$ cat upload-v3.txt   # compact mmCIF, C-alpha atoms
# COMPACT_ATOMS: atom_id res chain seq x y z
CA MET G 1 0.00 0.00 0.00
CA ILE G 2 1.20 3.51 -0.86
CA ASP G 3 0.68 6.73 1.09
CA ILE G 4 1.25 10.19 -0.39
CA LEU G 5 2.72 12.87 1.87
CA ILE G 6 4.22 16.34 1.49
CA CYS G 7 8.00 16.32 1.92
CA ASN G 8 9.99 18.41 4.32
CA GLU G 9 13.70 19.23 4.35
CA MET G 10 14.49 15.88 5.99
CA ASP G 11 13.36 14.11 2.80
CA ALA G 12 15.93 15.85 0.60
CA ILE G 13 18.42 12.95 0.49
CA PRO G 14 15.99 10.24 -0.69
CA ILE G 15 14.28 12.65 -3.11
CA ALA G 16 17.65 13.63 -4.60
CA ALA G 17 18.46 9.92 -5.04
CA LEU G 18 15.17 9.36 -6.88
CA TYR G 19 15.86 12.43 -9.01
CA LYS G 20 19.20 10.93 -10.04
CA GLU G 21 17.40 7.68 -10.97
CA LEU G 22 14.96 9.72 -13.09
CA MET G 23 17.70 11.55 -14.93
CA THR G 24 19.67 8.35 -15.50
CA GLU G 25 16.56 6.68 -16.94
CA ILE G 26 15.96 9.61 -19.29
CA ILE G 27 19.56 9.52 -20.50
CA VAL G 28 19.46 5.75 -21.07
CA LYS G 29 16.15 5.93 -22.95
CA THR G 30 17.24 8.80 -25.17
CA VAL G 31 20.95 8.02 -25.44
CA GLY G 32 21.23 11.54 -24.14
CA ASP G 33 23.84 13.73 -22.57
CA GLU G 34 25.29 12.29 -19.37
CA GLN G 35 26.01 15.88 -18.31
CA LEU G 36 22.31 16.08 -17.32
CA VAL G 37 22.91 13.79 -14.36
CA PRO G 38 24.19 15.98 -11.56
CA LYS G 39 27.80 15.27 -10.66
CA LYS G 40 27.28 16.80 -7.25
CA ASP G 41 24.74 15.83 -4.65
CA ALA G 42 21.32 17.36 -5.42
CA ALA G 43 20.18 17.00 -1.80
CA PRO G 44 21.35 20.45 -0.58
CA LEU G 45 19.52 22.17 -3.44
CA CYS G 46 16.43 20.02 -2.86
CA ARG G 47 16.51 20.94 0.85
CA GLN G 48 16.88 24.64 0.00
CA LEU G 49 14.01 24.59 -2.53
CA ILE G 50 11.66 22.77 -0.16
CA SER G 51 12.47 25.11 2.73
CA SER G 52 11.82 28.15 0.51
CA GLY G 53 8.16 27.16 0.28
CA GLN G 54 8.21 27.77 -3.48
CA TYR G 55 8.88 24.12 -4.38
CA THR G 56 6.49 21.47 -3.13
CA VAL G 57 7.52 17.84 -3.25
CA LEU G 58 5.13 14.96 -2.71
CA LYS G 59 6.50 11.56 -1.76
CA ALA G 60 4.98 8.15 -2.38
CA VAL G 61 5.80 5.96 0.61
CA ASP G 62 5.50 2.18 0.46
CA LEU G 63 3.90 1.38 3.82
CA GLU G 64 5.37 -2.14 3.92
CA SER G 65 8.98 -1.00 3.66
CA ALA G 66 8.49 2.64 4.77
CA GLY G 67 10.63 3.59 1.78
CA ILE G 68 10.03 6.45 -0.62
CA VAL G 69 9.29 4.88 -4.02
CA GLY G 70 8.29 7.93 -6.02
CA PHE G 71 7.97 11.68 -5.96
CA LEU G 72 6.31 14.59 -7.70
CA SER G 73 7.66 18.14 -7.49
CA MET G 74 5.77 21.26 -8.45
CA CYS G 75 5.93 25.00 -8.13
CA GLU G 76 3.62 27.95 -8.62
CA SER G 77 3.80 30.15 -11.67
CA PHE G 78 1.72 33.03 -13.00
CA SER G 79 0.53 34.13 -16.42
CA LEU G 80 -2.14 36.02 -18.24
CA TYR G 81 -2.90 32.99 -20.44
CA ALA G 82 -3.70 30.93 -17.35
CA ASN G 83 -5.75 33.74 -15.82
CA GLY G 84 -3.50 34.02 -12.79
CA SER G 85 -1.66 31.43 -10.75
CA TYR G 86 -1.11 27.84 -11.84
CA GLY G 87 1.10 24.91 -10.97
CA VAL G 88 3.91 23.36 -12.96
CA ILE G 89 4.88 19.76 -12.32
CA GLN G 90 8.65 19.83 -12.59
CA GLU G 91 9.49 16.18 -11.97
CA LEU G 92 7.49 12.99 -11.55
CA TYR G 93 9.20 9.68 -10.98
CA VAL G 94 8.09 6.29 -9.72
CA ARG G 95 10.50 3.39 -9.32
CA GLU G 96 9.90 0.82 -12.03
CA GLU G 97 8.63 -1.93 -9.71
CA PHE G 98 5.90 0.42 -8.42
CA ARG G 99 4.68 1.56 -11.85
CA SER G 100 1.28 0.49 -13.19
CA HIS G 101 0.04 -0.06 -9.62
CA GLY G 102 -1.56 3.36 -9.04
CA THR G 103 1.43 5.14 -7.48
CA GLY G 104 1.70 7.81 -10.19
CA LYS G 105 -2.07 8.17 -10.25
CA SER G 106 -2.05 8.76 -6.47
CA LEU G 107 0.70 11.37 -6.79
CA ILE G 108 -1.28 13.21 -9.50
CA ALA G 109 -4.52 13.04 -7.49
CA PHE G 110 -2.77 14.53 -4.44
CA ALA G 111 -1.19 17.22 -6.65
CA VAL G 112 -4.60 18.13 -8.11
CA ASN G 113 -6.11 18.50 -4.63
CA PHE G 114 -3.10 20.55 -3.52
CA ALA G 115 -3.46 22.78 -6.60
CA ARG G 116 -7.15 23.33 -5.86
CA SER G 117 -6.33 24.26 -2.26
CA LYS G 118 -3.96 26.93 -3.63
CA ASP G 119 -6.65 28.16 -6.05
CA TRP G 120 -4.40 27.43 -9.01
CA LYS G 121 -6.25 27.60 -12.31
CA ARG G 122 -4.47 24.62 -13.88
CA LEU G 123 -1.56 22.20 -13.66
CA GLU G 124 0.95 21.88 -16.47
CA VAL G 125 3.50 19.19 -17.19
CA ALA G 126 5.95 18.60 -20.02
CA THR G 127 7.19 15.28 -21.31
CA PRO G 128 9.53 14.65 -24.22
CA GLN G 129 7.73 14.08 -27.51
CA LEU G 130 9.77 10.99 -28.23
CA PRO G 131 8.67 7.38 -28.79
CA GLU G 132 10.54 6.42 -25.60
CA PHE G 133 8.05 8.49 -23.58
CA GLU G 134 4.76 7.39 -25.17
CA ARG G 135 3.78 5.58 -21.94
CA SER G 136 4.36 8.79 -19.96
CA LEU G 137 2.25 10.79 -22.41
CA ALA G 138 -0.54 8.17 -22.31
CA PHE G 139 -0.43 8.23 -18.49
CA TYR G 140 -0.87 12.01 -18.34
CA GLU G 141 -3.70 11.86 -20.87
CA ARG G 142 -5.47 9.17 -18.79
CA GLU G 143 -5.16 11.51 -15.81
CA GLY G 144 -6.95 14.27 -17.72
CA PHE G 145 -4.05 16.33 -19.08
CA LEU G 146 -4.55 17.73 -22.57
CA ILE G 147 -1.88 18.14 -25.20
CA THR G 148 -1.52 21.84 -25.87
CA GLY G 149 1.11 21.66 -28.58
CA GLY G 150 4.33 23.54 -28.93
CA CYS G 151 7.81 22.56 -27.91
CA LYS G 152 9.57 23.12 -24.63
CA LEU G 153 12.64 25.30 -25.19
CA LYS G 154 15.34 26.58 -22.87
CA LEU G 155 18.08 29.17 -22.85
CA LEU G 156 20.89 28.37 -20.43
CA LEU G 157 21.94 31.47 -18.51
CA ALA G 158 24.52 30.03 -16.09
CA ASN G 159 26.45 26.84 -15.40
$ encode --input "upload-v3.txt" --output "structure tokens"
Amino acid sequence: MIDILICNEMDAIPIAALYKELMTEIIVKTVGDEQLVPKKDAAPLCRQLISSGQYTVLKAVDLESAGIVGFLSMCESFSLYANGSYGVIQELYVREEFRSHGTGKSLIAFAVNFARSKDWKRLEVATPQLPEFERSLAFYEREGFLITGGCKLKLLLAN
């Protein structure tokens, strides 16, 4: 059985470990740039972001082992097109052995309720438009997310 809880600073180490698993999986699936996997420990940054109150992390805890088996991170953003405040899911990861058992669905359901409590107008998420991520795209669509088109772009400003 899985329970979904909001993380605090004490959860930074296991969340950073899951984040590294996520990035490694993305790189393996896409034969991507290994530079994406952080060389340094992401836990201090995770701790800082959680303590700022601007970055909310949900954890999926396996009640049998008491281990964290997945996480979802999100933050608030604002825009005219969204008619005010909205949430952006930054990362969502569930360990492979816990996939297709409702863990991701539970994380999304908790995120939706959290978003409503904040009076956010919508939740947004991006996933690569690559064949390797068709299951992720299908999952989000099953959970009610709509494809809005476009491409996600970035401009790196600092190392």
$ closest_residue --input "upload-v3.txt" --among "G:Gly84, G:Gly144, G:Pro131, G:Gly150" --to "Lys29 (chain G)" --atoms "only C-alpha atoms"
G:Pro131
$ closest_residue --input "upload-v3.txt" --among "G:Asn8, G:Ser65, G:Thr30, G:Ser73" --to "Gln48 (chain G)" --atoms "all atoms listed in the file"
G:Asn8
$ closest_residue --input "upload-v3.txt" --among "G:Gly32, G:Gly53, G:Gly70, G:Gly87" --to "Ala16 (chain G)" --atoms "only C-alpha atoms"
G:Gly70
$ residues_around --input "upload-v3.txt" --residues "Tyr19 (chain G)" --least-positions-apart "5" --cutoff "12 Å" --atoms "all atoms listed in the file" --output "list in words"
Ala12, Ile13, Pro14, Thr24, Glu25, Ile26, Leu36, Val37, Pro38, Asp41, Ala42, Ala43, Leu45, Cys46, Val57, Lys59, Ile68, Val69, Gly70, Phe71, Leu72, Ser73, Gln90, Glu91, Leu92, Tyr93, Val94 and Arg95 of chain G
$ closest_residue --input "upload-v3.txt" --among "G:Phe78, G:Phe98, G:Phe110, G:Phe133" --to "Ile6 (chain G)" --atoms "all atoms listed in the file"
G:Phe110
$ closest_residue --input "upload-v3.txt" --among "G:Tyr86, G:Tyr81, G:Trp120, G:Phe139" --to "Gly104 (chain G)" --atoms "all atoms listed in the file"
G:Phe139
$ atom_distance --input "upload-v3.txt" --atom1 "CA of Arg47 (chain G)" --atom2 "CA of Leu153 (chain G)"
26.7 Å
$ closest_residue --input "upload-v3.txt" --among "G:Asp3, G:Asp11, G:Glu76, G:Glu97" --to "Arg122 (chain G)" --atoms "all atoms listed in the file"
G:Glu76
$ atom_distance --input "upload-v3.txt" --atom1 "CA of Ser51 (chain G)" --atom2 "CA of Met74 (chain G)"
13.6 Å
$ atom_distance --input "upload-v3.txt" --atom1 "CA of Asn113 (chain G)" --atom2 "CA of Asp62 (chain G)"
20.7 Å
